[in-house]
>>> print(open('data37.txt').read())   # compact mmCIF, C-alpha atoms
# COMPACT_ATOMS: atom_id res chain seq x y z
CA MET A 1 25.66 5.66 8.18
CA ALA A 2 24.48 9.10 7.08
CA ALA A 3 24.60 7.94 3.46
CA LEU A 4 22.35 5.02 4.37
CA GLY A 5 19.84 7.45 5.87
CA ILE A 6 19.79 9.53 2.68
CA ILE A 7 19.47 6.44 0.48
CA ALA A 8 16.58 5.20 2.62
CA LEU A 9 14.96 8.60 2.30
CA PHE A 10 15.05 8.52 -1.49
CA VAL A 11 13.95 4.87 -1.68
CA THR A 12 10.99 5.72 0.54
CA GLY A 13 10.17 8.59 -1.82
CA PHE A 14 10.30 6.16 -4.74
CA VAL A 15 7.95 3.75 -2.94
CA PHE A 16 5.57 6.65 -2.30
CA VAL A 17 5.57 7.54 -6.01
CA TYR A 18 5.08 3.87 -6.87
CA TYR A 19 2.02 3.47 -4.65
CA SER A 20 0.65 6.81 -5.83
CA TYR A 21 0.79 5.43 -9.37
CA LEU A 22 -0.97 2.24 -8.25
CA SER A 23 -3.61 4.32 -6.50
CA ASN A 24 -4.30 6.46 -9.57
CA HIS A 25 -4.18 3.73 -12.21
CA GLY A 26 -5.28 0.55 -10.47
CA GLU A 27 -8.50 -0.78 -9.05
CA LYS A 28 -7.01 -1.89 -5.73
CA ASP A 29 -7.10 0.19 -2.58
CA VAL A 30 -3.51 0.99 -1.57
CA SER A 31 -4.29 3.78 0.90
CA PHE A 32 -2.70 1.80 3.76
CA PHE A 33 0.60 1.61 1.89
CA LEU A 34 0.46 5.30 0.97
CA SER A 35 -0.16 6.31 4.57
CA VAL A 36 2.68 4.11 5.84
CA CYS A 37 4.98 5.62 3.18
CA ILE A 38 4.12 9.14 4.31
CA ILE A 39 4.71 8.23 7.96
CA SER A 40 7.95 6.42 7.05
CA LEU A 41 9.15 9.40 5.02
CA PHE A 42 8.50 11.77 7.92
CA MET A 43 10.06 9.41 10.47
CA ASN A 44 13.10 8.92 8.22
CA LEU A 45 13.58 12.68 8.01
CA CYS A 46 13.27 12.96 11.79
CA THR A 47 15.73 10.14 12.50
CA ASN A 48 18.21 11.66 10.05
CA ASP A 49 17.70 14.95 11.85
CA GLY A 50 18.35 13.29 15.20
CA GLY A 51 21.39 11.42 13.93
CA VAL A 52 19.96 7.96 14.63
CA PHE A 53 21.00 6.46 11.32
CA GLY A 54 20.71 2.85 12.50
CA LEU A 55 16.96 3.02 12.00
CA SER A 56 17.54 3.59 8.28
CA VAL A 57 18.01 -0.15 7.88
CA LEU A 58 14.46 -0.61 9.16
CA TYR A 59 13.13 1.89 6.60
CA LEU A 60 14.99 0.12 3.80
CA VAL A 61 13.52 -3.23 4.88
CA VAL A 62 10.01 -1.75 4.95
CA ASP A 63 10.57 -0.26 1.49
CA ALA A 64 11.81 -3.57 0.09
CA VAL A 65 8.81 -5.39 1.55
CA PHE A 66 6.42 -2.77 0.13
CA ILE A 67 7.97 -3.02 -3.32
CA GLY A 68 7.52 -6.79 -3.20
CA VAL A 69 3.97 -6.52 -1.92
CA GLY A 70 3.20 -4.12 -4.78
CA PHE A 71 3.73 -7.00 -7.20
CA LEU A 72 1.24 -9.08 -5.21
CA VAL A 73 -1.32 -6.28 -4.97
CA ASP A 74 -1.54 -5.48 -8.68
CA LEU A 75 0.94 -7.18 -10.99
CA GLY A 76 -0.38 -5.60 -14.20
CA GLU A 77 -0.20 -2.01 -12.96
CA THR A 78 3.17 -2.64 -11.32
CA LEU A 79 4.57 -3.77 -14.65
CA ASN A 80 2.95 -0.74 -16.31
CA PHE A 81 4.63 1.51 -13.73
CA TYR A 82 8.09 0.09 -14.36
CA ASN A 83 7.52 0.18 -18.12
CA SER A 84 6.52 3.86 -17.91
CA ILE A 85 9.73 4.99 -16.19
CA GLY A 86 11.89 4.78 -19.32
CA PRO A 87 9.50 6.70 -21.59
CA TRP A 88 9.02 9.33 -18.86
CA PHE A 89 12.77 9.93 -18.67
CA GLN A 90 13.01 10.03 -22.45
CA ARG A 91 10.07 12.43 -22.78
CA THR A 92 11.31 14.66 -19.97
CA PHE A 93 14.97 14.91 -20.90
CA THR A 94 14.77 14.96 -24.71
CA ASN A 95 12.24 17.77 -25.05
CA MET A 96 14.83 20.39 -25.97
CA LYS A 97 12.45 23.32 -26.21
CA LEU A 98 11.32 22.89 -22.59
CA ILE A 99 14.34 21.35 -20.82
CA GLY A 100 15.92 24.71 -20.02
CA TRP A 101 12.70 26.02 -18.53
CA GLN A 102 12.26 22.82 -16.53
CA VAL A 103 15.77 22.95 -15.10
CA LEU A 104 15.38 26.64 -14.25
CA SER A 105 12.02 25.95 -12.59
CA ALA A 106 13.35 23.02 -10.58
CA VAL A 107 16.53 24.75 -9.39
CA LEU A 108 14.86 28.10 -8.66
CA PHE A 109 11.35 27.01 -7.75
CA PRO A 110 10.01 30.53 -7.05
CA VAL A 111 10.93 31.43 -10.65
CA GLY A 112 9.08 28.29 -11.80
CA ILE A 113 5.97 29.35 -9.93
CA GLY A 114 6.18 32.77 -11.60
CA LEU A 115 6.64 31.14 -15.00
CA TYR A 116 3.61 28.96 -14.33
CA PHE A 117 1.33 31.88 -13.56
CA GLY A 118 2.87 34.11 -16.21
CA ASN A 119 2.41 31.62 -19.05
CA TYR A 120 -0.81 29.94 -17.95
CA LYS A 121 -3.03 31.42 -20.68
CA ASP A 122 -0.54 32.02 -23.48
CA GLN A 123 1.53 28.82 -23.36
CA PRO A 124 -0.27 26.18 -21.26
CA GLU A 125 2.22 23.39 -22.05
CA LEU A 126 5.16 25.48 -20.85
CA ALA A 127 3.21 26.61 -17.79
CA LYS A 128 2.31 23.03 -16.86
CA GLU A 129 5.89 21.79 -17.20
CA CYS A 130 7.28 24.75 -15.24
CA GLY A 131 4.70 24.19 -12.50
CA LYS A 132 5.51 20.50 -12.18
CA ALA A 133 9.25 21.17 -12.17
CA SER A 134 8.92 23.89 -9.53
CA ALA A 135 6.81 21.63 -7.31
CA LEU A 136 9.44 18.90 -7.62
CA GLY A 137 12.19 21.43 -6.94
CA PHE A 138 10.40 22.69 -3.84
CA VAL A 139 9.92 19.20 -2.41
CA LEU A 140 13.52 18.21 -3.13
CA CYS A 141 14.82 21.47 -1.68
CA MET A 142 12.84 21.01 1.54
CA MET A 143 13.98 17.40 1.91
CA LEU A 144 17.59 18.33 1.21
CA LEU A 145 17.44 21.27 3.60
CA TRP A 146 15.90 19.16 6.35
CA THR A 147 18.46 16.40 5.82
CA VAL A 148 21.51 18.67 5.67
CA LEU A 149 20.44 20.82 8.62
CA GLY A 150 19.65 17.70 10.58
CA MET A 151 23.15 16.37 10.03
CA VAL A 152 24.89 19.68 10.68
CA LEU A 153 23.00 20.84 13.74
>>> encode(input="data37.txt", output="structure tokens")
Amino acid sequence: MAALGIIALFVTGFVFVYYSYLSNHGEKDVSFFLSVCIISLFMNLCTNDGGVFGLSVLYLVVDAVFIGVGFLVDLGETLNFYNSIGPWFQRTFTNMKLIGWQVLSAVLFPVGIGLYFGNYKDQPELAKECGKASALGFVLCMMLLWTVLGMVL
């Protein structure tokens, strides 16, 4: 059941990213869905922390419904979102001159923050990629820490 809680946590994170994309690129107001995703993400972390993994099924159902409703809200932007995932992976993981810096920044996010501020004026592309990777690394580290400590304690 703990695995179900972790899967629900990451699916909820995906739904949050999905509705963030719809909010930034579409004309429709999806603030309700974004707020429910934030609340669901926090509640999922808390239920994993408390060891009540049975509620993870509820979070997965809400996520599945929200993904389906996203198609009804804005079909064009939803298709654009799913079409942009492949090129994002390709662009992110095939850029050989930056991939090492991105991995370093994501794994050791304080180093990524230092690389961001250290290269901001001289190499803005490197600084931007290191900053994004360190922000992602920080969020993933906090979620992982909260989840693991919640299961252990």
>>> residues_around(input="data37.txt", residues="Leu58 of chain A", least_positions_apart="4", cutoff="10 Å", atoms="only C-alpha atoms", output="tab-separated table (two decimals) with C-alpha atoms, in the coordinates of the input")
chain	number	residue	atom	x	y	z
A	8	ALA	CA	16.58	5.20	2.62
A	40	SER	CA	7.95	6.42	7.05
A	44	ASN	CA	13.10	8.92	8.22
A	53	PHE	CA	21.00	6.46	11.32
A	54	GLY	CA	20.71	2.85	12.50
A	62	VAL	CA	10.01	-1.75	4.95
A	63	ASP	CA	10.57	-0.26	1.49
A	64	ALA	CA	11.81	-3.57	0.09
>>> residues_around(input="data37.txt", residues="segment 91-100 of chain A", least_positions_apart="6", cutoff="9 Å", atoms="only C-alpha atoms", output="list of chain:residue names")
A:Leu126, A:Glu129, A:Cys130
>>> closest_residue(input="data37.txt", among="A:Ala127, A:Met1, A:Tyr21, A:Leu149", to="Leu55 of chain A", atoms="all atoms listed in the file")
A:Met1
>>> closest_residue(input="data37.txt", among="A:Leu115, A:Val73, A:Leu45, A:Ile85", to="Val17 of chain A", atoms="only C-alpha atoms")
A:Ile85
>>> atom_distance(input="data37.txt", atom1="atom CA of Ala106 of chain A", atom2="atom CA of Leu136 of chain A")
6.4 Å
>>> atom_distance(input="data37.txt", atom1="atom CA of Phe89 of chain A", atom2="atom CA of Met43 of chain A")
29.3 Å
>>> atom_distance(input="data37.txt", atom1="atom CA of His25 of chain A", atom2="atom CA of Thr12 of chain A")
19.9 Å
>>> residues_near_point(input="data37.txt", point="(11.3, 20.9, -5.1)", cutoff="12 Å", atoms="all atoms listed in the file", output="PyMOL selection string")
chain A and resi 102-113+130-145
>>> closest_residue(input="data37.txt", among="A:Tyr82, A:Ala2, A:Leu9, A:Asn24", to="Phe42 of chain A", atoms="all atoms listed in the file")
A:Leu9
>>> decode(input="data37.txt", residues="segment 112-146 of chain A", atoms="N, CA, C and O atoms", output="PDB file, in the first residue's frame")
ATOM      1  N   GLY A 112      23.492  23.792  -7.485  1.00  0.00           N
ATOM      2  CA  GLY A 112      22.769  24.354  -8.631  1.00  0.00           C
ATOM      3  C   GLY A 112      22.393  25.806  -8.415  1.00  0.00           C
ATOM      4  O   GLY A 112      22.459  26.614  -9.348  1.00  0.00           O
ATOM      5  N   ILE A 113      22.018  26.145  -7.194  1.00  0.00           N
ATOM      6  CA  ILE A 113      21.697  27.546  -6.897  1.00  0.00           C
ATOM      7  C   ILE A 113      22.951  28.394  -7.021  1.00  0.00           C
ATOM      8  O   ILE A 113      22.918  29.499  -7.582  1.00  0.00           O
ATOM      9  N   GLY A 114      24.081  27.885  -6.528  1.00  0.00           N
ATOM     10  CA  GLY A 114      25.349  28.609  -6.675  1.00  0.00           C
ATOM     11  C   GLY A 114      25.751  28.754  -8.132  1.00  0.00           C
ATOM     12  O   GLY A 114      26.241  29.812  -8.551  1.00  0.00           O
ATOM     13  N   LEU A 115      25.552  27.698  -8.926  1.00  0.00           N
ATOM     14  CA  LEU A 115      25.858  27.785 -10.355  1.00  0.00           C
ATOM     15  C   LEU A 115      24.953  28.793 -11.058  1.00  0.00           C
ATOM     16  O   LEU A 115      25.381  29.490 -11.980  1.00  0.00           O
ATOM     17  N   TYR A 116      23.708  28.870 -10.616  1.00  0.00           N
ATOM     18  CA  TYR A 116      22.787  29.847 -11.201  1.00  0.00           C
ATOM     19  C   TYR A 116      23.289  31.273 -10.973  1.00  0.00           C
ATOM     20  O   TYR A 116      23.416  32.051 -11.909  1.00  0.00           O
ATOM     21  N   PHE A 117      23.593  31.590  -9.724  1.00  0.00           N
ATOM     22  CA  PHE A 117      24.028  32.952  -9.423  1.00  0.00           C
ATOM     23  C   PHE A 117      25.440  33.230  -9.932  1.00  0.00           C
ATOM     24  O   PHE A 117      25.760  34.366 -10.276  1.00  0.00           O
ATOM     25  N   GLY A 118      26.278  32.210  -9.986  1.00  0.00           N
ATOM     26  CA  GLY A 118      27.641  32.405 -10.464  1.00  0.00           C
ATOM     27  C   GLY A 118      27.745  32.609 -11.968  1.00  0.00           C
ATOM     28  O   GLY A 118      28.658  33.278 -12.455  1.00  0.00           O
ATOM     29  N   ASN A 119      26.819  32.054 -12.725  1.00  0.00           N
ATOM     30  CA  ASN A 119      26.875  32.131 -14.183  1.00  0.00           C
ATOM     31  C   ASN A 119      25.783  32.998 -14.788  1.00  0.00           C
ATOM     32  O   ASN A 119      25.570  32.961 -15.999  1.00  0.00           O
ATOM     33  N   TYR A 120      25.090  33.760 -13.971  1.00  0.00           N
ATOM     34  CA  TYR A 120      23.935  34.515 -14.448  1.00  0.00           C
ATOM     35  C   TYR A 120      24.295  35.512 -15.548  1.00  0.00           C
ATOM     36  O   TYR A 120      23.577  35.636 -16.527  1.00  0.00           O
ATOM     37  N   LYS A 121      25.400  36.225 -15.403  1.00  0.00           N
ATOM     38  CA  LYS A 121      25.764  37.247 -16.386  1.00  0.00           C
ATOM     39  C   LYS A 121      26.608  36.685 -17.524  1.00  0.00           C
ATOM     40  O   LYS A 121      26.450  37.093 -18.666  1.00  0.00           O
ATOM     41  N   ASP A 122      27.509  35.755 -17.206  1.00  0.00           N
ATOM     42  CA  ASP A 122      28.431  35.259 -18.218  1.00  0.00           C
ATOM     43  C   ASP A 122      27.788  34.231 -19.151  1.00  0.00           C
ATOM     44  O   ASP A 122      27.978  34.286 -20.366  1.00  0.00           O
ATOM     45  N   GLN A 123      27.067  33.287 -18.599  1.00  0.00           N
ATOM     46  CA  GLN A 123      26.453  32.215 -19.381  1.00  0.00           C
ATOM     47  C   GLN A 123      24.983  32.076 -18.969  1.00  0.00           C
ATOM     48  O   GLN A 123      24.621  31.209 -18.169  1.00  0.00           O
ATOM     49  N   PRO A 124      24.102  32.908 -19.510  1.00  0.00           N
ATOM     50  CA  PRO A 124      22.705  32.890 -19.049  1.00  0.00           C
ATOM     51  C   PRO A 124      21.969  31.584 -19.352  1.00  0.00           C
ATOM     52  O   PRO A 124      21.099  31.175 -18.582  1.00  0.00           O
ATOM     53  N   GLU A 125      22.321  30.888 -20.448  1.00  0.00           N
ATOM     54  CA  GLU A 125      21.650  29.628 -20.753  1.00  0.00           C
ATOM     55  C   GLU A 125      21.996  28.568 -19.708  1.00  0.00           C
ATOM     56  O   GLU A 125      21.115  27.870 -19.207  1.00  0.00           O
ATOM     57  N   LEU A 126      23.263  28.479 -19.360  1.00  0.00           N
ATOM     58  CA  LEU A 126      23.696  27.531 -18.331  1.00  0.00           C
ATOM     59  C   LEU A 126      23.068  27.878 -16.992  1.00  0.00           C
ATOM     60  O   LEU A 126      22.593  27.001 -16.267  1.00  0.00           O
ATOM     61  N   ALA A 127      23.040  29.159 -16.662  1.00  0.00           N
ATOM     62  CA  ALA A 127      22.465  29.588 -15.387  1.00  0.00           C
ATOM     63  C   ALA A 127      20.982  29.230 -15.306  1.00  0.00           C
ATOM     64  O   ALA A 127      20.504  28.735 -14.274  1.00  0.00           O
ATOM     65  N   LYS A 128      20.262  29.449 -16.404  1.00  0.00           N
ATOM     66  CA  LYS A 128      18.833  29.154 -16.408  1.00  0.00           C
ATOM     67  C   LYS A 128      18.578  27.661 -16.241  1.00  0.00           C
ATOM     68  O   LYS A 128      17.713  27.255 -15.459  1.00  0.00           O
ATOM     69  N   GLU A 129      19.323  26.839 -16.945  1.00  0.00           N
ATOM     70  CA  GLU A 129      19.147  25.394 -16.841  1.00  0.00           C
ATOM     71  C   GLU A 129      19.532  24.875 -15.455  1.00  0.00           C
ATOM     72  O   GLU A 129      18.857  24.003 -14.903  1.00  0.00           O
ATOM     73  N   CYS A 130      20.616  25.414 -14.895  1.00  0.00           N
ATOM     74  CA  CYS A 130      21.021  25.003 -13.538  1.00  0.00           C
ATOM     75  C   CYS A 130      19.986  25.438 -12.506  1.00  0.00           C
ATOM     76  O   CYS A 130      19.692  24.704 -11.562  1.00  0.00           O
ATOM     77  N   GLY A 131      19.411  26.616 -12.679  1.00  0.00           N
ATOM     78  CA  GLY A 131      18.384  27.093 -11.760  1.00  0.00           C
ATOM     79  C   GLY A 131      17.130  26.244 -11.807  1.00  0.00           C
ATOM     80  O   GLY A 131      16.554  25.892 -10.770  1.00  0.00           O
ATOM     81  N   LYS A 132      16.691  25.892 -13.017  1.00  0.00           N
ATOM     82  CA  LYS A 132      15.508  25.045 -13.146  1.00  0.00           C
ATOM     83  C   LYS A 132      15.761  23.655 -12.571  1.00  0.00           C
ATOM     84  O   LYS A 132      14.902  23.105 -11.881  1.00  0.00           O
ATOM     85  N   ALA A 133      16.929  23.095 -12.853  1.00  0.00           N
ATOM     86  CA  ALA A 133      17.252  21.765 -12.338  1.00  0.00           C
ATOM     87  C   ALA A 133      17.362  21.778 -10.814  1.00  0.00           C
ATOM     88  O   ALA A 133      16.930  20.831 -10.148  1.00  0.00           O
ATOM     89  N   SER A 134      17.932  22.841 -10.246  1.00  0.00           N
ATOM     90  CA  SER A 134      18.046  22.883  -8.786  1.00  0.00           C
ATOM     91  C   SER A 134      16.681  23.077  -8.131  1.00  0.00           C
ATOM     92  O   SER A 134      16.426  22.513  -7.058  1.00  0.00           O
ATOM     93  N   ALA A 135      15.789  23.820  -8.747  1.00  0.00           N
ATOM     94  CA  ALA A 135      14.437  23.963  -8.207  1.00  0.00           C
ATOM     95  C   ALA A 135      13.707  22.623  -8.244  1.00  0.00           C
ATOM     96  O   ALA A 135      13.048  22.233  -7.273  1.00  0.00           O
ATOM     97  N   LEU A 136      13.840  21.901  -9.348  1.00  0.00           N
ATOM     98  CA  LEU A 136      13.239  20.581  -9.448  1.00  0.00           C
ATOM     99  C   LEU A 136      13.852  19.629  -8.426  1.00  0.00           C
ATOM    100  O   LEU A 136      13.144  18.872  -7.758  1.00  0.00           O
ATOM    101  N   GLY A 137      15.166  19.677  -8.273  1.00  0.00           N
ATOM    102  CA  GLY A 137      15.838  18.833  -7.297  1.00  0.00           C
ATOM    103  C   GLY A 137      15.392  19.131  -5.874  1.00  0.00           C
ATOM    104  O   GLY A 137      15.213  18.219  -5.069  1.00  0.00           O
ATOM    105  N   PHE A 138      15.201  20.402  -5.559  1.00  0.00           N
ATOM    106  CA  PHE A 138      14.748  20.789  -4.227  1.00  0.00           C
ATOM    107  C   PHE A 138      13.348  20.246  -3.949  1.00  0.00           C
ATOM    108  O   PHE A 138      13.097  19.662  -2.891  1.00  0.00           O
ATOM    109  N   VAL A 139      12.442  20.426  -4.899  1.00  0.00           N
ATOM    110  CA  VAL A 139      11.069  19.959  -4.717  1.00  0.00           C
ATOM    111  C   VAL A 139      11.039  18.440  -4.578  1.00  0.00           C
ATOM    112  O   VAL A 139      10.379  17.903  -3.675  1.00  0.00           O
ATOM    113  N   LEU A 140      11.757  17.734  -5.442  1.00  0.00           N
ATOM    114  CA  LEU A 140      11.784  16.280  -5.359  1.00  0.00           C
ATOM    115  C   LEU A 140      12.428  15.794  -4.066  1.00  0.00           C
ATOM    116  O   LEU A 140      11.974  14.817  -3.463  1.00  0.00           O
ATOM    117  N   CYS A 141      13.463  16.487  -3.616  1.00  0.00           N
ATOM    118  CA  CYS A 141      14.127  16.109  -2.366  1.00  0.00           C
ATOM    119  C   CYS A 141      13.181  16.294  -1.176  1.00  0.00           C
ATOM    120  O   CYS A 141      13.108  15.431  -0.301  1.00  0.00           O
ATOM    121  N   MET A 142      12.454  17.398  -1.151  1.00  0.00           N
ATOM    122  CA  MET A 142      11.524  17.637  -0.048  1.00  0.00           C
ATOM    123  C   MET A 142      10.388  16.618  -0.052  1.00  0.00           C
ATOM    124  O   MET A 142      10.008  16.097   1.005  1.00  0.00           O
ATOM    125  N   MET A 143       9.860  16.305  -1.234  1.00  0.00           N
ATOM    126  CA  MET A 143       8.791  15.313  -1.313  1.00  0.00           C
ATOM    127  C   MET A 143       9.295  13.936  -0.911  1.00  0.00           C
ATOM    128  O   MET A 143       8.620  13.214  -0.177  1.00  0.00           O
ATOM    129  N   LEU A 144      10.480  13.578  -1.364  1.00  0.00           N
ATOM    130  CA  LEU A 144      11.056  12.283  -1.012  1.00  0.00           C
ATOM    131  C   LEU A 144      11.351  12.204   0.475  1.00  0.00           C
ATOM    132  O   LEU A 144      11.058  11.196   1.134  1.00  0.00           O
ATOM    133  N   LEU A 145      11.905  13.272   1.028  1.00  0.00           N
ATOM    134  CA  LEU A 145      12.209  13.307   2.449  1.00  0.00           C
ATOM    135  C   LEU A 145      10.943  13.187   3.288  1.00  0.00           C
ATOM    136  O   LEU A 145      10.897  12.422   4.260  1.00  0.00           O
ATOM    137  N   TRP A 146       9.908  13.936   2.897  1.00  0.00           N
ATOM    138  CA  TRP A 146       8.646  13.891   3.628  1.00  0.00           C
ATOM    139  C   TRP A 146       8.033  12.493   3.536  1.00  0.00           C
ATOM    140  O   TRP A 146       7.541  11.933   4.516  1.00  0.00           O
TER     141      TRP A 146
END
